[in-house]
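Participant: Let me begin by handing over the structure; questions about it come next.
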Amino acid sequence: MKWTGVMPAITTCFTESYEVDYPIMAAHANWLVANGCTGIVALGSLGEGATLTFEEKVKILKTFASALGGKAPVVAAISALSTPEAVSLAKAAEQAGCSGLMILPPYVYRGDWREMKTHVSAVLQQVPLPAMLYNNPVAYGTDFIPEQIRELANEHANLQAVKESSTDVRRVTAIRALLEDRLAIFVGVDDAILEGISAGAVGWIAGLADALPRESVDLFNFGVAGKTREAFELYRWFLPLLRLDTVPKFVQLIKFVQQELGVGCARVRGPRMEICGDELRATRDLIRSAMNNRPTVCKPSTALARS
């Protein structure tokens, strides 16, 4: 598959009874691609993967693969408490029709490099799909440093990309210094996208793209094309919203943006709870202020068609 462009970490929509709303998710995936996204990443942190059963995860992946029908790749986030479960999910993702994997370290247990390398390598060895390594030491407590990423890349040809979410843009240049263009580097922190592109990133696993895909795609394309004036005009407008992706309640906040813009709902599964009170009012004010002051350099996202 081609690792490039804006690939939203797609949210999981729930019904009023907190069951997965598969038809709405299929429509959402198609809408994102229609607005210029080059693929979607399912079951990640923003997708509340840790709250989903194995069966729900597989059905979600099948839903996306069927809905997109090859128009854009579906990348499955592979996160699990154990290595065997991670391998099983990766195999199920391949059978479901996914084009690629995004491999996370095992959550809860923060192992050393020998253990983490063995965990990631097990998935890469047993499932031949193109894969991305997800490095997010802030959230997961495991830091894949550039030298370790090089070691994995040298041993596994199907490791083709890395999602770099350390919040340190210097990691992009450090990885490129060791591997040149061997790996496609994606920015995984919404409010560092232009900085990441300047350092050599070729893709963006985006959060706010779930609500504002066209704006996200335009921002990315301006950055890649070197259109500095347009990029920074759009970035200045977008940054207050993009920063919602960098706080502990990023799932609730991004889903609330979706709800406010009519492209999703704010429901989340426990232990998360929807934002309320002053937090809700402040976020709503932020969204409304942004939408009332939209810059002219970008195209607005189209309306989400519902079946």
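Please note that chains go A, B, ... in the order of the structure tokens, that every chain numbers its residues from 1, and that ligands are numbered from 1 in the order shown.
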Got a sec: who's within 8 Å of A:Glu56, counting only C-alpha atoms, leaving out chain neighbours fewer than 4 positions off, as a ChimeraX atom specification?
Facilitator: /A:20,52,60
Participant: Let me see the file: selected residues, C-alpha atoms, as a JSON list (two decimals), in the first residue's frame.
Facilitator:
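As a result, selection.json now contains:
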[["chain", "number", "residue", "atom", "x", "y", "z"],
["A", 20, "VAL", "CA", -21.33, -0.15, 17.77],
["A", 52, "LEU", "CA", -14.17, -3.01, 22.11],
["A", 60, "ILE", "CA", -15.64, -2.97, 12.38]]
Participant: Give me the residues within 7 Å of A:Val75 as a list in words, counting only C-alpha atoms and dropping any in the same chain fewer than 3 places off.
Facilitator: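 My list of contacting residues is Ile40, Val41, Ala42, Cys98, Ser99, Gly100, Leu101 and Met102 of chain A.
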Participant: Given the choices A:Ala92, A:Gly44, A:Ala67, A:Arg281, which gets closest to A:Ser79 if the distance is worked out from only C-alpha atoms?
Facilitator: A:Gly44
Participant: Got a sec to tell me which of stretch 59-131 of chain A DSSP assigns to strand (DSSP E or B), as a list in words?
Facilitator: Val74, Val75, Ala76, Ala77, Ile78, Gly100, Leu101, Met102, Ile103 and Ala131 of chain A
Participant: Save the residues we just selected, C-alpha atoms, as an mmCIF file, in the first residue's frame?
Facilitator:
data_model
loop_
_atom_site.group_PDB
_atom_site.id
_atom_site.type_symbol
_atom_site.label_atom_id
_atom_site.label_comp_id
_atom_site.auth_asym_id
_atom_site.auth_seq_id
_atom_site.Cartn_x
_atom_site.Cartn_y
_atom_site.Cartn_z
ATOM 1 C CA VAL A 74 -8.076 0.361 5.832
ATOM 2 C CA VAL A 75 -5.272 0.150 8.385
ATOM 3 C CA ALA A 76 -5.998 -1.854 11.531
ATOM 4 C CA ALA A 77 -4.495 -0.708 14.816
ATOM 5 C CA ILE A 78 -3.092 -3.766 16.594
ATOM 6 C CA GLY A 100 -2.160 -2.604 6.444
ATOM 7 C CA LEU A 101 -1.477 -2.710 10.169
ATOM 8 C CA MET A 102 -0.476 -0.132 12.757
ATOM 9 C CA ILE A 103 1.322 -1.998 15.534
ATOM 10 C CA ALA A 131 2.847 -2.316 8.661
#
Participant: Contacts of A:Gly262 at 10 Å or less, counting only C-alpha atoms, minus same-chain residues fewer than 5 places along, as a short mmCIF file (atom, residue, chain, number, x, y, z; two decimals) with N, CA and C atoms, in the first residue's frame?
Facilitator:
data_model
loop_
_atom_site.label_atom_id
_atom_site.label_comp_id
_atom_site.auth_asym_id
_atom_site.auth_seq_id
_atom_site.Cartn_x
_atom_site.Cartn_y
_atom_site.Cartn_z
N ALA A 211 -13.76 15.25 12.05
CA ALA A 211 -14.80 16.26 11.97
C ALA A 211 -14.58 17.24 10.83
N PHE A 256 -17.04 15.25 20.47
CA PHE A 256 -17.96 16.37 20.69
C PHE A 256 -17.89 17.34 19.51
N VAL A 257 -16.70 17.57 18.97
CA VAL A 257 -16.60 18.41 17.77
C VAL A 257 -17.40 17.79 16.64
N ALA A 303 -21.03 18.05 3.31
CA ALA A 303 -21.96 17.48 4.28
C ALA A 303 -21.85 15.97 4.27
N LEU A 304 -22.05 15.38 5.44
CA LEU A 304 -22.04 13.92 5.57
C LEU A 304 -23.39 13.38 5.15
#
Participant: Using DSSP on the backbone coordinates, identify all residues within stretch 195-254 of chain A classified as helix (DSSP H, G or I); present the result as a PDB file with N, CA and C atoms, in the first residue's frame.
Facilitator:
ATOM      1  N   GLU A 195       5.282  21.363  11.268  1.00  0.00           N
ATOM      2  CA  GLU A 195       6.661  21.167  11.699  1.00  0.00           C
ATOM      3  C   GLU A 195       7.167  19.798  11.236  1.00  0.00           C
ATOM      4  N   GLY A 196       6.309  18.779  11.339  1.00  0.00           N
ATOM      5  CA  GLY A 196       6.691  17.440  10.914  1.00  0.00           C
ATOM      6  C   GLY A 196       6.939  17.351   9.426  1.00  0.00           C
ATOM      7  N   ILE A 197       6.087  17.997   8.651  1.00  0.00           N
ATOM      8  CA  ILE A 197       6.273  18.010   7.195  1.00  0.00           C
ATOM      9  C   ILE A 197       7.589  18.675   6.832  1.00  0.00           C
ATOM     10  N   SER A 198       7.896  19.787   7.493  1.00  0.00           N
ATOM     11  CA  SER A 198       9.146  20.491   7.227  1.00  0.00           C
ATOM     12  C   SER A 198      10.359  19.610   7.518  1.00  0.00           C
ATOM     13  N   ALA A 199      10.205  18.690   8.481  1.00  0.00           N
ATOM     14  CA  ALA A 199      11.308  17.802   8.844  1.00  0.00           C
ATOM     15  C   ALA A 199      11.374  16.564   7.957  1.00  0.00           C
ATOM     16  N   LEU A 208      -8.559  15.480  14.358  1.00  0.00           N
ATOM     17  CA  LEU A 208      -9.634  16.410  14.018  1.00  0.00           C
ATOM     18  C   LEU A 208     -10.147  16.201  12.609  1.00  0.00           C
ATOM     19  N   ALA A 209      -9.429  15.436  11.808  1.00  0.00           N
ATOM     20  CA  ALA A 209      -9.917  15.106  10.466  1.00  0.00           C
ATOM     21  C   ALA A 209     -11.238  14.347  10.525  1.00  0.00           C
ATOM     22  N   ASP A 210     -11.536  13.712  11.648  1.00  0.00           N
ATOM     23  CA  ASP A 210     -12.815  13.024  11.794  1.00  0.00           C
ATOM     24  C   ASP A 210     -13.981  13.995  11.665  1.00  0.00           C
ATOM     25  N   PRO A 213     -12.354  16.937   7.690  1.00  0.00           N
ATOM     26  CA  PRO A 213     -11.391  16.278   6.801  1.00  0.00           C
ATOM     27  C   PRO A 213     -10.843  17.162   5.695  1.00  0.00           C
ATOM     28  N   ARG A 214     -11.709  17.952   5.043  1.00  0.00           N
ATOM     29  CA  ARG A 214     -11.243  18.775   3.935  1.00  0.00           C
ATOM     30  C   ARG A 214     -10.223  19.797   4.417  1.00  0.00           C
ATOM     31  N   GLU A 215     -10.500  20.404   5.560  1.00  0.00           N
ATOM     32  CA  GLU A 215      -9.588  21.379   6.128  1.00  0.00           C
ATOM     33  C   GLU A 215      -8.245  20.733   6.481  1.00  0.00           C
ATOM     34  N   SER A 216      -8.303  19.499   6.991  1.00  0.00           N
ATOM     35  CA  SER A 216      -7.075  18.770   7.338  1.00  0.00           C
ATOM     36  C   SER A 216      -6.269  18.447   6.088  1.00  0.00           C
ATOM     37  N   VAL A 217      -6.950  17.998   5.053  1.00  0.00           N
ATOM     38  CA  VAL A 217      -6.275  17.661   3.797  1.00  0.00           C
ATOM     39  C   VAL A 217      -5.653  18.907   3.179  1.00  0.00           C
ATOM     40  N   ASP A 218      -6.381  20.020   3.186  1.00  0.00           N
ATOM     41  CA  ASP A 218      -5.831  21.260   2.633  1.00  0.00           C
ATOM     42  C   ASP A 218      -4.597  21.702   3.407  1.00  0.00           C
ATOM     43  N   LEU A 219      -4.656  21.616   4.738  1.00  0.00           N
ATOM     44  CA  LEU A 219      -3.508  22.002   5.550  1.00  0.00           C
ATOM     45  C   LEU A 219      -2.300  21.143   5.200  1.00  0.00           C
ATOM     46  N   PHE A 220      -2.506  19.850   5.122  1.00  0.00           N
ATOM     47  CA  PHE A 220      -1.410  18.938   4.782  1.00  0.00           C
ATOM     48  C   PHE A 220      -0.857  19.256   3.394  1.00  0.00           C
ATOM     49  N   ASN A 221      -1.729  19.427   2.428  1.00  0.00           N
ATOM     50  CA  ASN A 221      -1.281  19.673   1.054  1.00  0.00           C
ATOM     51  C   ASN A 221      -0.555  21.007   0.923  1.00  0.00           C
ATOM     52  N   PHE A 222      -1.028  22.035   1.627  1.00  0.00           N
ATOM     53  CA  PHE A 222      -0.314  23.313   1.618  1.00  0.00           C
ATOM     54  C   PHE A 222       1.101  23.133   2.157  1.00  0.00           C
ATOM     55  N   GLY A 223       1.211  22.359   3.248  1.00  0.00           N
ATOM     56  CA  GLY A 223       2.517  22.143   3.838  1.00  0.00           C
ATOM     57  C   GLY A 223       3.456  21.409   2.902  1.00  0.00           C
ATOM     58  N   VAL A 224       2.965  20.354   2.274  1.00  0.00           N
ATOM     59  CA  VAL A 224       3.790  19.557   1.361  1.00  0.00           C
ATOM     60  C   VAL A 224       4.199  20.380   0.142  1.00  0.00           C
ATOM     61  N   ALA A 225       3.290  21.220  -0.352  1.00  0.00           N
ATOM     62  CA  ALA A 225       3.556  22.023  -1.543  1.00  0.00           C
ATOM     63  C   ALA A 225       4.410  23.249  -1.261  1.00  0.00           C
ATOM     64  N   THR A 228       3.569  28.434   2.011  1.00  0.00           N
ATOM     65  CA  THR A 228       3.726  28.873   3.393  1.00  0.00           C
ATOM     66  C   THR A 228       2.614  29.807   3.848  1.00  0.00           C
ATOM     67  N   ARG A 229       2.261  30.775   3.030  1.00  0.00           N
ATOM     68  CA  ARG A 229       1.234  31.731   3.445  1.00  0.00           C
ATOM     69  C   ARG A 229      -0.080  31.028   3.706  1.00  0.00           C
ATOM     70  N   GLU A 230      -0.521  30.197   2.765  1.00  0.00           N
ATOM     71  CA  GLU A 230      -1.788  29.494   2.926  1.00  0.00           C
ATOM     72  C   GLU A 230      -1.728  28.523   4.097  1.00  0.00           C
ATOM     73  N   ALA A 231      -0.605  27.830   4.224  1.00  0.00           N
ATOM     74  CA  ALA A 231      -0.464  26.843   5.293  1.00  0.00           C
ATOM     75  C   ALA A 231      -0.597  27.485   6.666  1.00  0.00           C
ATOM     76  N   PHE A 232       0.103  28.592   6.885  1.00  0.00           N
ATOM     77  CA  PHE A 232       0.090  29.186   8.215  1.00  0.00           C
ATOM     78  C   PHE A 232      -1.183  29.968   8.498  1.00  0.00           C
ATOM     79  N   GLU A 233      -1.840  30.477   7.462  1.00  0.00           N
ATOM     80  CA  GLU A 233      -3.146  31.093   7.686  1.00  0.00           C
ATOM     81  C   GLU A 233      -4.142  30.043   8.165  1.00  0.00           C
ATOM     82  N   LEU A 234      -4.123  28.888   7.527  1.00  0.00           N
ATOM     83  CA  LEU A 234      -5.020  27.809   7.923  1.00  0.00           C
ATOM     84  C   LEU A 234      -4.607  27.211   9.270  1.00  0.00           C
ATOM     85  N   TYR A 235      -3.308  27.075   9.497  1.00  0.00           N
ATOM     86  CA  TYR A 235      -2.793  26.502  10.746  1.00  0.00           C
ATOM     87  C   TYR A 235      -3.170  27.363  11.949  1.00  0.00           C
ATOM     88  N   ARG A 236      -3.019  28.670  11.813  1.00  0.00           N
ATOM     89  CA  ARG A 236      -3.369  29.568  12.923  1.00  0.00           C
ATOM     90  C   ARG A 236      -4.841  29.415  13.306  1.00  0.00           C
ATOM     91  N   TRP A 237      -5.684  29.288  12.304  1.00  0.00           N
ATOM     92  CA  TRP A 237      -7.113  29.102  12.575  1.00  0.00           C
ATOM     93  C   TRP A 237      -7.385  27.737  13.212  1.00  0.00           C
ATOM     94  N   PHE A 238      -6.679  26.721  12.742  1.00  0.00           N
ATOM     95  CA  PHE A 238      -6.956  25.342  13.115  1.00  0.00           C
ATOM     96  C   PHE A 238      -6.365  24.954  14.467  1.00  0.00           C
ATOM     97  N   LEU A 239      -5.284  25.603  14.873  1.00  0.00           N
ATOM     98  CA  LEU A 239      -4.524  25.152  16.043  1.00  0.00           C
ATOM     99  C   LEU A 239      -5.350  24.995  17.324  1.00  0.00           C
ATOM    100  N   PRO A 240      -6.240  25.930  17.675  1.00  0.00           N
ATOM    101  CA  PRO A 240      -7.013  25.717  18.906  1.00  0.00           C
ATOM    102  C   PRO A 240      -7.813  24.417  18.876  1.00  0.00           C
ATOM    103  N   LEU A 241      -8.312  24.039  17.707  1.00  0.00           N
ATOM    104  CA  LEU A 241      -9.033  22.775  17.584  1.00  0.00           C
ATOM    105  C   LEU A 241      -8.064  21.597  17.578  1.00  0.00           C
ATOM    106  N   LEU A 242      -6.962  21.730  16.862  1.00  0.00           N
ATOM    107  CA  LEU A 242      -5.988  20.637  16.791  1.00  0.00           C
ATOM    108  C   LEU A 242      -5.434  20.288  18.163  1.00  0.00           C
ATOM    109  N   ARG A 243      -5.339  21.273  19.045  1.00  0.00           N
ATOM    110  CA  ARG A 243      -4.798  21.013  20.382  1.00  0.00           C
ATOM    111  C   ARG A 243      -5.740  20.184  21.241  1.00  0.00           C
ATOM    112  N   LEU A 244      -6.990  20.044  20.825  1.00  0.00           N
ATOM    113  CA  LEU A 244      -7.898  19.147  21.539  1.00  0.00           C
ATOM    114  C   LEU A 244      -7.427  17.701  21.447  1.00  0.00           C
ATOM    115  N   ASP A 245      -6.577  17.402  20.473  1.00  0.00           N
ATOM    116  CA  ASP A 245      -6.062  16.047  20.266  1.00  0.00           C
ATOM    117  C   ASP A 245      -4.886  15.727  21.185  1.00  0.00           C
ATOM    118  N   THR A 246      -4.463  16.674  22.001  1.00  0.00           N
ATOM    119  CA  THR A 246      -3.227  16.492  22.758  1.00  0.00           C
ATOM    120  C   THR A 246      -3.439  16.424  24.266  1.00  0.00           C
ATOM    121  N   PHE A 250      -8.965  13.642  24.840  1.00  0.00           N
ATOM    122  CA  PHE A 250      -9.023  13.903  23.399  1.00  0.00           C
ATOM    123  C   PHE A 250     -10.141  13.131  22.711  1.00  0.00           C
ATOM    124  N   VAL A 251     -10.453  11.937  23.190  1.00  0.00           N
ATOM    125  CA  VAL A 251     -11.531  11.157  22.562  1.00  0.00           C
ATOM    126  C   VAL A 251     -12.867  11.877  22.733  1.00  0.00           C
ATOM    127  N   GLN A 252     -13.182  12.249  23.976  1.00  0.00           N
ATOM    128  CA  GLN A 252     -14.442  12.945  24.237  1.00  0.00           C
ATOM    129  C   GLN A 252     -14.518  14.264  23.476  1.00  0.00           C
ATOM    130  N   LEU A 253     -13.415  14.993  23.441  1.00  0.00           N
ATOM    131  CA  LEU A 253     -13.413  16.316  22.818  1.00  0.00           C
ATOM    132  C   LEU A 253     -13.597  16.222  21.311  1.00  0.00           C
ATOM    133  N   ILE A 254     -12.882  15.323  20.669  1.00  0.00           N
ATOM    134  CA  ILE A 254     -13.002  15.199  19.214  1.00  0.00           C
ATOM    135  C   ILE A 254     -14.381  14.688  18.826  1.00  0.00           C
TER     136      ILE A 254
END
Participant: Measuring atom to atom with only C-alpha atoms, identify which of A:Asn154, A:Thr11, A:Gln95, A:Ser66 is nearest to A:Leu43.
Facilitator: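 Smallest separation from A:Leu43 among the options: A:Thr11.
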Participant: I'd like the neighbourhood of A:Glu151 as a list of chain:residue names, where a residue qualifies if any of its atoms comes within 12 Å (using only C-alpha atoms), though same-chain residues fewer than 5 positions away should be ignored.
Facilitator: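 The contact residues come out as A:Trp113, A:Arg114, A:Lys117, A:Thr118, A:Val120, A:Ser121, A:Phe144, A:Ile145, A:Pro146, A:His156, A:Ala157, A:Leu159, A:Ile175, A:Leu178, A:Leu179.
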Participant: How would the residues just picked look written out with C-alpha atoms as a CSV table (one decimal), in the first residue's frame?
Facilitator:
chain,number,residue,atom,x,y,z
A,113,TRP,CA,13.5,-3.2,24.4
A,114,ARG,CA,14.0,-6.9,24.2
A,117,LYS,CA,11.0,-5.9,19.9
A,118,THR,CA,9.8,-9.5,20.3
A,120,VAL,CA,6.3,-6.2,17.5
A,121,SER,CA,8.4,-8.7,15.6
A,144,PHE,CA,10.9,3.3,20.3
A,145,ILE,CA,14.0,5.4,19.8
A,146,PRO,CA,15.4,5.9,16.2
A,156,HIS,CA,11.4,-6.8,8.7
A,157,ALA,CA,10.7,-5.8,5.1
A,159,LEU,CA,7.7,-2.6,8.3
A,175,ILE,CA,14.8,8.6,11.8
A,178,LEU,CA,19.4,6.7,10.0
A,179,LEU,CA,17.1,5.2,7.3
Participant: Within 7 Å of A:Gln160, counting only C-alpha atoms, which residues qualify if same-chain residues fewer than 2 places away don't, as a list in words?
Facilitator: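 Everything that qualifies: Pro130, Ala131, Met132, Asn158, Leu183 and Ala184 of chain A.
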Participant: Can you list, as a list in words, every protein, DNA or RNA residue that comes within 10 Å of A:Pro84 when you count only C-alpha atoms, leaving out same-chain residues fewer than 5 positions away?
Facilitator: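 Once the adjacent positions are removed, what remains is Leu89, Ala90, His119, Ala122 and Val123 of chain A.
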Participant: Could you write those residues out with N, CA and C atoms, as a short mmCIF file (atom, residue, chain, number, x, y, z; two decimals), in the first residue's frame?
Facilitator:
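Writing the result to selection_1.cif gives the following:
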data_model
loop_
_atom_site.label_atom_id
_atom_site.label_comp_id
_atom_site.auth_asym_id
_atom_site.auth_seq_id
_atom_site.Cartn_x
_atom_site.Cartn_y
_atom_site.Cartn_z
N LEU A 89 -5.34 -10.76 16.32
CA LEU A 89 -6.06 -9.62 15.76
C LEU A 89 -5.48 -9.24 14.40
N ALA A 90 -4.16 -9.29 14.27
CA ALA A 90 -3.53 -8.97 12.99
C ALA A 90 -3.95 -9.96 11.91
N HIS A 119 7.66 -8.55 20.79
CA HIS A 119 6.21 -8.38 20.60
C HIS A 119 5.90 -7.87 19.20
N ALA A 122 6.79 -10.38 16.40
CA ALA A 122 5.87 -11.51 16.26
C ALA A 122 4.75 -11.18 15.28
N VAL A 123 4.22 -9.96 15.38
CA VAL A 123 3.16 -9.55 14.45
C VAL A 123 3.72 -9.42 13.04
#
